[in-house]
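Visitor: Below is final-v8.txt; it holds compact mmCIF, C-alpha atoms and all ligand atoms.
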# COMPACT_ATOMS: atom_id res chain seq x y z
CA MET A 24 -21.57 51.84 -12.43
CA ARG A 25 -19.11 50.42 -9.95
CA ASN A 26 -20.56 50.00 -6.45
CA ARG A 27 -18.52 52.35 -4.24
CA PHE A 28 -19.10 50.07 -1.23
CA VAL A 29 -17.37 47.12 -2.91
CA ARG A 30 -13.64 46.72 -2.61
CA ASN A 31 -11.78 43.50 -3.34
CA ALA A 32 -8.19 42.29 -2.94
CA LYS A 33 -7.26 43.60 -6.41
CA ASP A 34 -8.46 47.11 -5.53
CA LYS A 35 -6.36 46.97 -2.33
CA ARG A 36 -3.24 45.86 -4.22
CA GLN A 37 -3.74 48.74 -6.63
CA GLY A 38 -3.99 51.09 -3.64
CA GLU A 39 -7.51 52.20 -4.61
CA ARG A 40 -8.90 54.66 -2.08
CA PHE A 41 -11.77 53.61 0.17
CA SER A 42 -13.16 56.44 2.28
CA LEU A 43 -13.64 56.20 6.04
CA ALA A 44 -17.34 56.94 5.44
CA ASN A 45 -17.60 53.87 3.18
CA ALA A 46 -15.78 51.74 5.78
CA PHE A 47 -18.25 52.87 8.47
CA ALA A 48 -21.18 52.22 6.11
CA CYS A 49 -19.92 48.64 5.52
CA ALA A 50 -19.46 48.06 9.27
CA THR A 51 -22.99 49.37 9.92
CA CYS A 52 -24.34 47.03 7.21
CA GLY A 53 -22.62 44.13 8.99
CA ILE A 54 -24.16 44.99 12.35
CA ALA A 55 -27.60 45.45 10.72
CA HIS A 56 -27.23 42.07 8.95
CA ALA A 57 -26.35 40.35 12.25
CA PHE A 58 -29.43 41.90 13.92
CA LYS A 59 -31.69 40.92 11.00
CA THR A 60 -30.51 37.32 10.72
CA GLN A 61 -29.43 36.25 14.22
CA ARG A 62 -32.07 35.51 16.85
CA ASN A 63 -29.32 35.63 19.51
CA MET A 64 -28.51 39.23 18.58
CA LYS A 65 -32.09 40.24 19.41
CA ILE A 66 -31.83 38.38 22.73
CA HIS A 67 -28.54 40.19 23.50
CA LEU A 68 -30.26 43.52 22.72
CA ALA A 69 -33.17 42.76 25.06
CA VAL A 70 -30.74 41.76 27.85
CA ALA A 71 -28.61 44.87 27.22
CA LEU A 72 -31.67 47.14 27.51
CA LEU A 73 -32.65 45.36 30.73
CA ALA A 74 -29.10 45.90 32.04
CA LEU A 75 -29.39 49.63 31.29
CA VAL A 76 -32.72 49.85 33.15
CA PHE A 77 -31.24 47.99 36.15
CA GLY A 78 -28.24 50.31 36.09
CA ILE A 79 -30.49 53.39 36.26
CA VAL A 80 -32.81 51.96 38.93
CA LEU A 81 -29.92 50.74 41.11
CA GLN A 82 -27.90 53.92 40.45
CA ILE A 83 -24.70 51.99 39.82
CA GLU A 84 -21.37 53.79 39.98
CA ALA A 85 -19.23 54.99 37.06
CA TRP A 86 -16.94 51.91 37.17
CA GLY A 87 -20.06 49.71 37.06
CA TRP A 88 -21.33 51.51 33.93
CA ALA A 89 -17.88 51.07 32.36
CA ALA A 90 -17.86 47.34 33.14
CA ILE A 91 -21.43 46.84 31.86
CA ALA A 92 -20.72 48.84 28.67
CA LEU A 93 -17.61 46.71 28.02
CA ALA A 94 -19.50 43.48 28.66
CA ILE A 95 -22.39 44.50 26.37
CA GLY A 96 -19.98 45.61 23.64
CA LEU A 97 -18.01 42.37 23.83
CA VAL A 98 -21.13 40.20 23.55
CA PHE A 99 -22.37 42.15 20.49
CA ALA A 100 -18.90 42.07 18.92
CA PHE A 101 -18.52 38.30 19.44
CA GLU A 102 -21.99 37.68 17.98
CA CYS A 103 -21.01 39.73 14.91
CA MET A 104 -17.80 37.67 14.57
CA ASN A 105 -19.85 34.48 14.97
CA THR A 106 -22.19 35.65 12.20
CA ALA A 107 -19.20 36.43 9.97
CA LEU A 108 -17.65 33.03 10.59
CA GLU A 109 -20.95 31.26 9.87
CA ALA A 110 -21.20 33.11 6.55
CA VAL A 111 -17.65 32.15 5.54
CA VAL A 112 -18.19 28.51 6.55
CA ASP A 113 -21.47 28.37 4.59
CA LEU A 114 -19.63 29.90 1.61
CA VAL A 115 -16.72 27.46 1.56
CA SER A 116 -18.46 24.38 2.99
CA PRO A 117 -22.19 24.27 2.21
CA GLU A 118 -22.09 20.47 2.58
CA TYR A 119 -21.59 18.67 5.88
CA SER A 120 -17.98 18.76 7.09
CA GLU A 121 -16.45 17.96 10.48
CA LEU A 122 -14.14 20.98 10.14
CA ALA A 123 -17.11 23.24 9.38
CA LYS A 124 -18.86 21.85 12.44
CA HIS A 125 -15.83 22.50 14.68
CA ALA A 126 -15.44 26.04 13.31
CA LYS A 127 -19.09 26.95 13.92
CA ASP A 128 -19.25 25.21 17.30
CA CYS A 129 -16.09 27.01 18.51
CA ALA A 130 -17.43 30.38 17.34
CA ALA A 131 -20.73 29.72 19.12
CA GLY A 132 -18.72 28.63 22.19
CA ALA A 133 -16.83 31.93 22.14
CA VAL A 134 -20.13 33.84 22.27
CA LEU A 135 -21.30 31.65 25.15
CA VAL A 136 -18.07 32.24 27.11
CA CYS A 137 -18.46 35.98 26.54
CA ALA A 138 -22.11 35.93 27.66
CA LEU A 139 -21.18 33.98 30.83
CA GLY A 140 -18.49 36.58 31.54
CA ALA A 141 -21.11 39.30 31.14
CA VAL A 142 -23.35 37.52 33.65
CA ALA A 143 -20.46 37.45 36.13
CA VAL A 144 -19.84 41.19 35.56
CA ALA A 145 -23.55 41.89 36.06
CA ALA A 146 -23.54 39.93 39.34
CA VAL A 147 -20.58 41.95 40.68
CA VAL A 148 -22.10 45.28 39.58
CA TYR A 149 -25.80 44.78 40.43
CA VAL A 150 -25.97 42.49 43.48
CA PRO A 151 -24.44 44.86 46.11
CA PRO A 152 -26.70 47.87 45.26
CA ALA A 153 -29.71 45.53 44.88
CA LEU A 154 -29.07 44.12 48.38
CA ALA A 155 -28.64 47.64 49.74
CA LEU A 156 -31.92 48.72 48.12
CA ALA A 157 -33.64 45.73 49.72
CA GLY A 158 -32.16 46.74 53.09
CA LEU A 159 -30.07 43.56 53.42
N1 LIG A 201 -21.52 22.70 7.02
C1 LIG A 201 -21.69 22.16 8.22
N2 LIG A 201 -21.08 21.00 8.54
C2 LIG A 201 -21.24 20.43 9.75
N3 LIG A 201 -21.99 20.94 10.76
C3 LIG A 201 -22.61 22.12 10.53
C4 LIG A 201 -22.51 22.79 9.26
N4 LIG A 201 -23.26 23.93 9.33
C5 LIG A 201 -23.76 23.96 10.56
N5 LIG A 201 -23.40 22.88 11.30
C6 LIG A 201 -23.77 22.60 12.70
O1 LIG A 201 -24.99 23.24 12.99
C7 LIG A 201 -24.81 24.20 14.07
C8 LIG A 201 -25.68 25.41 13.80
O2 LIG A 201 -25.20 26.04 12.63
P1 LIG A 201 -25.90 27.32 12.03
O3 LIG A 201 -25.12 27.78 10.85
O4 LIG A 201 -27.34 27.03 11.83
O5 LIG A 201 -25.70 28.35 13.17
P2 LIG A 201 -26.77 29.09 14.07
O6 LIG A 201 -27.97 28.26 14.34
O7 LIG A 201 -26.96 30.44 13.50
O8 LIG A 201 -25.87 29.10 15.38
P3 LIG A 201 -25.67 30.19 16.50
O9 LIG A 201 -26.77 29.96 17.47
O10 LIG A 201 -24.28 29.87 17.04
O11 LIG A 201 -25.67 31.54 15.83
C9 LIG A 201 -23.31 24.47 14.10
O12 LIG A 201 -22.88 24.88 15.40
C10 LIG A 201 -22.73 23.12 13.70
O13 LIG A 201 -22.67 22.24 14.81
Starting from the file, give its structure as structure tokens.
Guide:
Amino acid sequence: MRNRFVRNAKDKRQGERFSLANAFACATCGIAHAFKTQRNMKIHLAVALLALVFGIVLQIEAWGWAAIALAIGLVFAFECMNTALEAVVDLVSPEYSELAKHAKDCAAGAVLVCALGAVAVAAVVYVPPALALAGL
């Protein structure tokens, strides 16, 4: 029987229907795969949980929650994209290649830039209430 979660370019050209539920299921599989295979994803999760705890303890404002949620989402999204790019590179270039190296290094660099941005957001959101809590 045809796997209902598989759709290729030919199916798309033929206009074969692919339900929204299937699309969500595929996206969820991708996120789960990234969590299972990428050590960095687990580190991002630990840091995100810590950020939530800090947010509750420091009683940050609504705009702070919005900024932290955006930063966390961006880091997870970039790590998923990095995982996708690594898979494609491994598929098309299992042997050593300078282009493959540049592609993977740039994708990893994008995650790093995103994580540094998240650190900057965290500093802006958490430092003032932390100083206030400390009476400084
Ligand atoms: N086919 C290849 N050709 C050349 N260099 C490669 C190749 N595959 C991986 N590399 C190099 O090894 C590094 C690590 O690649 P790998 O696929 O193991 O990613 P990773 O350890 O999961 O990285 P990340 O921490 O970014 O998720 C790449 O950034 C790149 O410099």
Visitor: Give me the residues of chain A that have any atom at most 9 Å from an atom of ligand LIG 201 (chain A); for each, the nearest atom pair and the distance in Å, rounded to one decimal. Use only C-alpha atoms and all ligand atoms, sort by chain and number, and format it as a tab-separated table.
Guide:
residue	atom	partner	partner_atom	distance
A:Thr60	CA	A:LIG201	O7	8.2
A:Gln61	CA	A:LIG201	O11	6.2
A:Arg62	CA	A:LIG201	O11	7.6
A:Asn63	CA	A:LIG201	O9	6.5
A:Met64	CA	A:LIG201	O11	8.6
A:Glu102	CA	A:LIG201	O11	7.5
A:Asn105	CA	A:LIG201	O11	6.6
A:Thr106	CA	A:LIG201	O11	6.5
A:Glu109	CA	A:LIG201	O3	5.5
A:Ala110	CA	A:LIG201	O3	7.9
A:Val112	CA	A:LIG201	N1	6.7
A:Asp113	CA	A:LIG201	N1	6.2
A:Val115	CA	A:LIG201	N1	8.7
A:Ser116	CA	A:LIG201	N1	5.3
A:Pro117	CA	A:LIG201	N1	5.1
A:Glu118	CA	A:LIG201	N1	5.0
A:Tyr119	CA	A:LIG201	N2	3.6
A:Ser120	CA	A:LIG201	N2	4.1
A:Glu121	CA	A:LIG201	C2	5.4
A:Leu122	CA	A:LIG201	N2	7.1
A:Ala123	CA	A:LIG201	N2	4.6
A:Lys124	CA	A:LIG201	N3	3.7
A:His125	CA	A:LIG201	O13	6.8
A:Ala126	CA	A:LIG201	O12	7.8
A:Lys127	CA	A:LIG201	O12	4.6
A:Asp128	CA	A:LIG201	O12	4.1
A:Cys129	CA	A:LIG201	O12	7.8
A:Ala130	CA	A:LIG201	O10	6.9
A:Ala131	CA	A:LIG201	O10	4.1
A:Gly132	CA	A:LIG201	O10	7.7
A:Val134	CA	A:LIG201	O10	7.8
A:Leu135	CA	A:LIG201	O10	8.8
Visitor: Figure out the distance between CA of Ala48 (chain A) and CA of Phe28 (chain A), please, to one decimal in Å.
Guide: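 Result for CA of Phe28 (chain A) versus CA of Ala48 (chain A): 7.9 Å, one decimal.
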Visitor: Can you tell me which residues surround Thr51 (chain A) at a distance of at most 12 Å, considering all atoms listed in the file, apart from same-chain residues fewer than 6 positions away, and format the answer as JSON, numbers by chain?
Guide: {"A": [28, 44, 45, 57, 58, 103]}
Visitor: Taking (-24.6, 46.0, 24.5) in the file's coordinates, which residues come within 8 Å, counting only C-alpha atoms, written as a list in words?
Guide: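 Every residue inside that radius is included here: His67, Leu68, Ala71, Leu72, Ala92, Leu93, Ala94, Ile95, Gly96, Leu97, Val98 and Phe99 of chain A.
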Visitor: Suppose we keep C-alpha atoms; can you now write the selection as a PDB file, in the frame of the given file?
Guide:
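Output below, filename out-v2.pdb:
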ATOM      1  CA  HIS A  67     -28.540  40.190  23.500  1.00  0.00           C
ATOM      2  CA  LEU A  68     -30.260  43.520  22.720  1.00  0.00           C
ATOM      3  CA  ALA A  71     -28.610  44.870  27.220  1.00  0.00           C
ATOM      4  CA  LEU A  72     -31.670  47.140  27.510  1.00  0.00           C
ATOM      5  CA  ALA A  92     -20.720  48.840  28.670  1.00  0.00           C
ATOM      6  CA  LEU A  93     -17.610  46.710  28.020  1.00  0.00           C
ATOM      7  CA  ALA A  94     -19.500  43.480  28.660  1.00  0.00           C
ATOM      8  CA  ILE A  95     -22.390  44.500  26.370  1.00  0.00           C
ATOM      9  CA  GLY A  96     -19.980  45.610  23.640  1.00  0.00           C
ATOM     10  CA  LEU A  97     -18.010  42.370  23.830  1.00  0.00           C
ATOM     11  CA  VAL A  98     -21.130  40.200  23.550  1.00  0.00           C
ATOM     12  CA  PHE A  99     -22.370  42.150  20.490  1.00  0.00           C
TER      13      PHE A  99
END
Visitor: Rounded to one decimal, what separation in Å do you get between CA of Pro152 (chain A) and CA of Leu81 (chain A)?
Guide: 6.0 Å
Visitor: For Ala74 (chain A), work out the shell of residues within 10 Å, counting all atoms listed in the file and skipping chain neighbours fewer than 3 positions away, then give it as a list in words.
Guide: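 Everything that qualifies: Leu68, Ala69, Val70, Ala71, Phe77, Gly78, Ile79, Val80, Trp88, Ile91, Ala92, Ile95, Ala145 and Tyr149 of chain A.
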Visitor: Name the closest residue to Leu156 (chain A) among the candidates A:Ala138, A:Leu108, A:Ala46, A:Ile83; distances are taken between atoms, counting all atoms listed in the file.
Guide: A:Ile83
Visitor: Take CA of Gly87 (chain A) and CA of Ala141 (chain A) and report the distance between them in Å, one decimal.
Guide: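 Computing the Euclidean distance for CA of Gly87 (chain A) and CA of Ala141 (chain A) yields 12.0 Å.
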Visitor: Given 3 Å on each side, where is the centre and what are the edge lengths in Å to one decimal of the axis-aligned box enclosing the listed atoms of region 148-158 of chain A, as lines of an AutoDock Vina configuration file?
Guide:
center_x = -27.9
center_y = 45.6
center_z = 46.3
size_x = 17.5
size_y = 12.2
size_z = 19.5
Visitor: I need the residue nearest Phe101 (chain A) from this list: A:Val144, A:Leu73, A:Ile54, A:Ala85. Use all atoms listed in the file for the distance.
Guide: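 Residue with the minimum atom-to-atom distance to Phe101 (chain A): A:Ile54.
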Visitor: Would you mind putting N, CA and C atoms back on region 112-146 of chain A and writing the result as a PDB file, in the coordinates of the input?
Guide:
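Saved the output as rebuild-v6.pdb:
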ATOM      1  N   VAL A 112     -18.096  29.984   6.564  1.00  0.00           N
ATOM      2  CA  VAL A 112     -18.190  28.510   6.550  1.00  0.00           C
ATOM      3  C   VAL A 112     -19.245  28.065   5.543  1.00  0.00           C
ATOM      4  N   ASP A 113     -20.415  28.740   5.543  1.00  0.00           N
ATOM      5  CA  ASP A 113     -21.470  28.370   4.590  1.00  0.00           C
ATOM      6  C   ASP A 113     -21.016  28.584   3.143  1.00  0.00           C
ATOM      7  N   LEU A 114     -20.138  29.608   2.956  1.00  0.00           N
ATOM      8  CA  LEU A 114     -19.630  29.900   1.610  1.00  0.00           C
ATOM      9  C   LEU A 114     -18.682  28.802   1.128  1.00  0.00           C
ATOM     10  N   VAL A 115     -17.752  28.416   2.003  1.00  0.00           N
ATOM     11  CA  VAL A 115     -16.720  27.460   1.560  1.00  0.00           C
ATOM     12  C   VAL A 115     -17.137  25.999   1.790  1.00  0.00           C
ATOM     13  N   SER A 116     -18.093  25.767   2.696  1.00  0.00           N
ATOM     14  CA  SER A 116     -18.460  24.380   2.990  1.00  0.00           C
ATOM     15  C   SER A 116     -19.966  24.244   3.180  1.00  0.00           C
ATOM     16  N   PRO A 117     -20.737  24.393   2.083  1.00  0.00           N
ATOM     17  CA  PRO A 117     -22.190  24.270   2.210  1.00  0.00           C
ATOM     18  C   PRO A 117     -22.630  22.847   2.579  1.00  0.00           C
ATOM     19  N   GLU A 118     -21.778  21.871   2.226  1.00  0.00           N
ATOM     20  CA  GLU A 118     -22.090  20.470   2.580  1.00  0.00           C
ATOM     21  C   GLU A 118     -21.591  20.187   3.996  1.00  0.00           C
ATOM     22  N   TYR A 119     -22.028  19.040   4.542  1.00  0.00           N
ATOM     23  CA  TYR A 119     -21.590  18.670   5.880  1.00  0.00           C
ATOM     24  C   TYR A 119     -20.080  18.439   5.896  1.00  0.00           C
ATOM     25  N   SER A 120     -19.421  18.975   6.924  1.00  0.00           N
ATOM     26  CA  SER A 120     -17.980  18.760   7.090  1.00  0.00           C
ATOM     27  C   SER A 120     -17.661  18.851   8.579  1.00  0.00           C
ATOM     28  N   GLU A 121     -16.827  17.939   9.059  1.00  0.00           N
ATOM     29  CA  GLU A 121     -16.450  17.960  10.480  1.00  0.00           C
ATOM     30  C   GLU A 121     -15.732  19.263  10.830  1.00  0.00           C
ATOM     31  N   LEU A 122     -14.873  19.726   9.897  1.00  0.00           N
ATOM     32  CA  LEU A 122     -14.140  20.980  10.140  1.00  0.00           C
ATOM     33  C   LEU A 122     -15.106  22.164  10.240  1.00  0.00           C
ATOM     34  N   ALA A 123     -16.101  22.168   9.347  1.00  0.00           N
ATOM     35  CA  ALA A 123     -17.110  23.240   9.380  1.00  0.00           C
ATOM     36  C   ALA A 123     -17.842  23.213  10.711  1.00  0.00           C
ATOM     37  N   LYS A 124     -18.163  22.003  11.152  1.00  0.00           N
ATOM     38  CA  LYS A 124     -18.860  21.850  12.440  1.00  0.00           C
ATOM     39  C   LYS A 124     -18.010  22.403  13.581  1.00  0.00           C
ATOM     40  N   HIS A 125     -16.713  22.017  13.600  1.00  0.00           N
ATOM     41  CA  HIS A 125     -15.830  22.500  14.680  1.00  0.00           C
ATOM     42  C   HIS A 125     -15.732  24.027  14.645  1.00  0.00           C
ATOM     43  N   ALA A 126     -15.588  24.576  13.438  1.00  0.00           N
ATOM     44  CA  ALA A 126     -15.440  26.040  13.310  1.00  0.00           C
ATOM     45  C   ALA A 126     -16.675  26.747  13.869  1.00  0.00           C
ATOM     46  N   LYS A 127     -17.867  26.285  13.456  1.00  0.00           N
ATOM     47  CA  LYS A 127     -19.090  26.950  13.920  1.00  0.00           C
ATOM     48  C   LYS A 127     -19.317  26.717  15.408  1.00  0.00           C
ATOM     49  N   ASP A 128     -19.044  25.493  15.871  1.00  0.00           N
ATOM     50  CA  ASP A 128     -19.250  25.210  17.300  1.00  0.00           C
ATOM     51  C   ASP A 128     -18.309  26.051  18.157  1.00  0.00           C
ATOM     52  N   CYS A 129     -17.054  26.199  17.731  1.00  0.00           N
ATOM     53  CA  CYS A 129     -16.090  27.010  18.510  1.00  0.00           C
ATOM     54  C   CYS A 129     -16.521  28.472  18.533  1.00  0.00           C
ATOM     55  N   ALA A 130     -16.992  28.975  17.392  1.00  0.00           N
ATOM     56  CA  ALA A 130     -17.430  30.380  17.340  1.00  0.00           C
ATOM     57  C   ALA A 130     -18.634  30.587  18.257  1.00  0.00           C
ATOM     58  N   ALA A 131     -19.559  29.626  18.238  1.00  0.00           N
ATOM     59  CA  ALA A 131     -20.730  29.720  19.120  1.00  0.00           C
ATOM     60  C   ALA A 131     -20.271  29.623  20.580  1.00  0.00           C
ATOM     61  N   GLY A 132     -19.266  28.766  20.836  1.00  0.00           N
ATOM     62  CA  GLY A 132     -18.720  28.630  22.190  1.00  0.00           C
ATOM     63  C   GLY A 132     -18.111  29.930  22.669  1.00  0.00           C
ATOM     64  N   ALA A 133     -17.447  30.646  21.768  1.00  0.00           N
ATOM     65  CA  ALA A 133     -16.830  31.930  22.140  1.00  0.00           C
ATOM     66  C   ALA A 133     -17.894  32.925  22.581  1.00  0.00           C
ATOM     67  N   VAL A 134     -19.034  32.936  21.880  1.00  0.00           N
ATOM     68  CA  VAL A 134     -20.130  33.840  22.270  1.00  0.00           C
ATOM     69  C   VAL A 134     -20.659  33.448  23.645  1.00  0.00           C
ATOM     70  N   LEU A 135     -20.786  32.127  23.861  1.00  0.00           N
ATOM     71  CA  LEU A 135     -21.300  31.650  25.150  1.00  0.00           C
ATOM     72  C   LEU A 135     -20.367  32.047  26.293  1.00  0.00           C
ATOM     73  N   VAL A 136     -19.053  31.871  26.083  1.00  0.00           N
ATOM     74  CA  VAL A 136     -18.070  32.240  27.110  1.00  0.00           C
ATOM     75  C   VAL A 136     -18.191  33.738  27.429  1.00  0.00           C
ATOM     76  N   CYS A 137     -18.343  34.535  26.378  1.00  0.00           N
ATOM     77  CA  CYS A 137     -18.460  35.980  26.540  1.00  0.00           C
ATOM     78  C   CYS A 137     -19.739  36.330  27.317  1.00  0.00           C
ATOM     79  N   ALA A 138     -20.835  35.669  26.983  1.00  0.00           N
ATOM     80  CA  ALA A 138     -22.110  35.930  27.660  1.00  0.00           C
ATOM     81  C   ALA A 138     -22.016  35.522  29.138  1.00  0.00           C
ATOM     82  N   LEU A 139     -21.332  34.406  29.432  1.00  0.00           N
ATOM     83  CA  LEU A 139     -21.180  33.980  30.830  1.00  0.00           C
ATOM     84  C   LEU A 139     -20.322  35.001  31.601  1.00  0.00           C
ATOM     85  N   GLY A 140     -19.307  35.534  30.926  1.00  0.00           N
ATOM     86  CA  GLY A 140     -18.490  36.580  31.540  1.00  0.00           C
ATOM     87  C   GLY A 140     -19.331  37.808  31.852  1.00  0.00           C
ATOM     88  N   ALA A 141     -20.236  38.136  30.929  1.00  0.00           N
ATOM     89  CA  ALA A 141     -21.110  39.300  31.140  1.00  0.00           C
ATOM     90  C   ALA A 141     -22.042  39.069  32.324  1.00  0.00           C
ATOM     91  N   VAL A 142     -22.494  37.837  32.498  1.00  0.00           N
ATOM     92  CA  VAL A 142     -23.350  37.520  33.650  1.00  0.00           C
ATOM     93  C   VAL A 142     -22.572  37.711  34.952  1.00  0.00           C
ATOM     94  N   ALA A 143     -21.297  37.291  34.934  1.00  0.00           N
ATOM     95  CA  ALA A 143     -20.460  37.450  36.130  1.00  0.00           C
ATOM     96  C   ALA A 143     -20.252  38.945  36.432  1.00  0.00           C
ATOM     97  N   VAL A 144     -20.005  39.733  35.382  1.00  0.00           N
ATOM     98  CA  VAL A 144     -19.840  41.190  35.560  1.00  0.00           C
ATOM     99  C   VAL A 144     -21.131  41.781  36.144  1.00  0.00           C
ATOM    100  N   ALA A 145     -22.263  41.368  35.586  1.00  0.00           N
ATOM    101  CA  ALA A 145     -23.550  41.890  36.060  1.00  0.00           C
ATOM    102  C   ALA A 145     -23.759  41.542  37.525  1.00  0.00           C
ATOM    103  N   ALA A 146     -23.377  40.347  37.939  1.00  0.00           N
ATOM    104  CA  ALA A 146     -23.540  39.930  39.340  1.00  0.00           C
ATOM    105  C   ALA A 146     -22.723  40.850  40.253  1.00  0.00           C
TER     106      ALA A 146
END
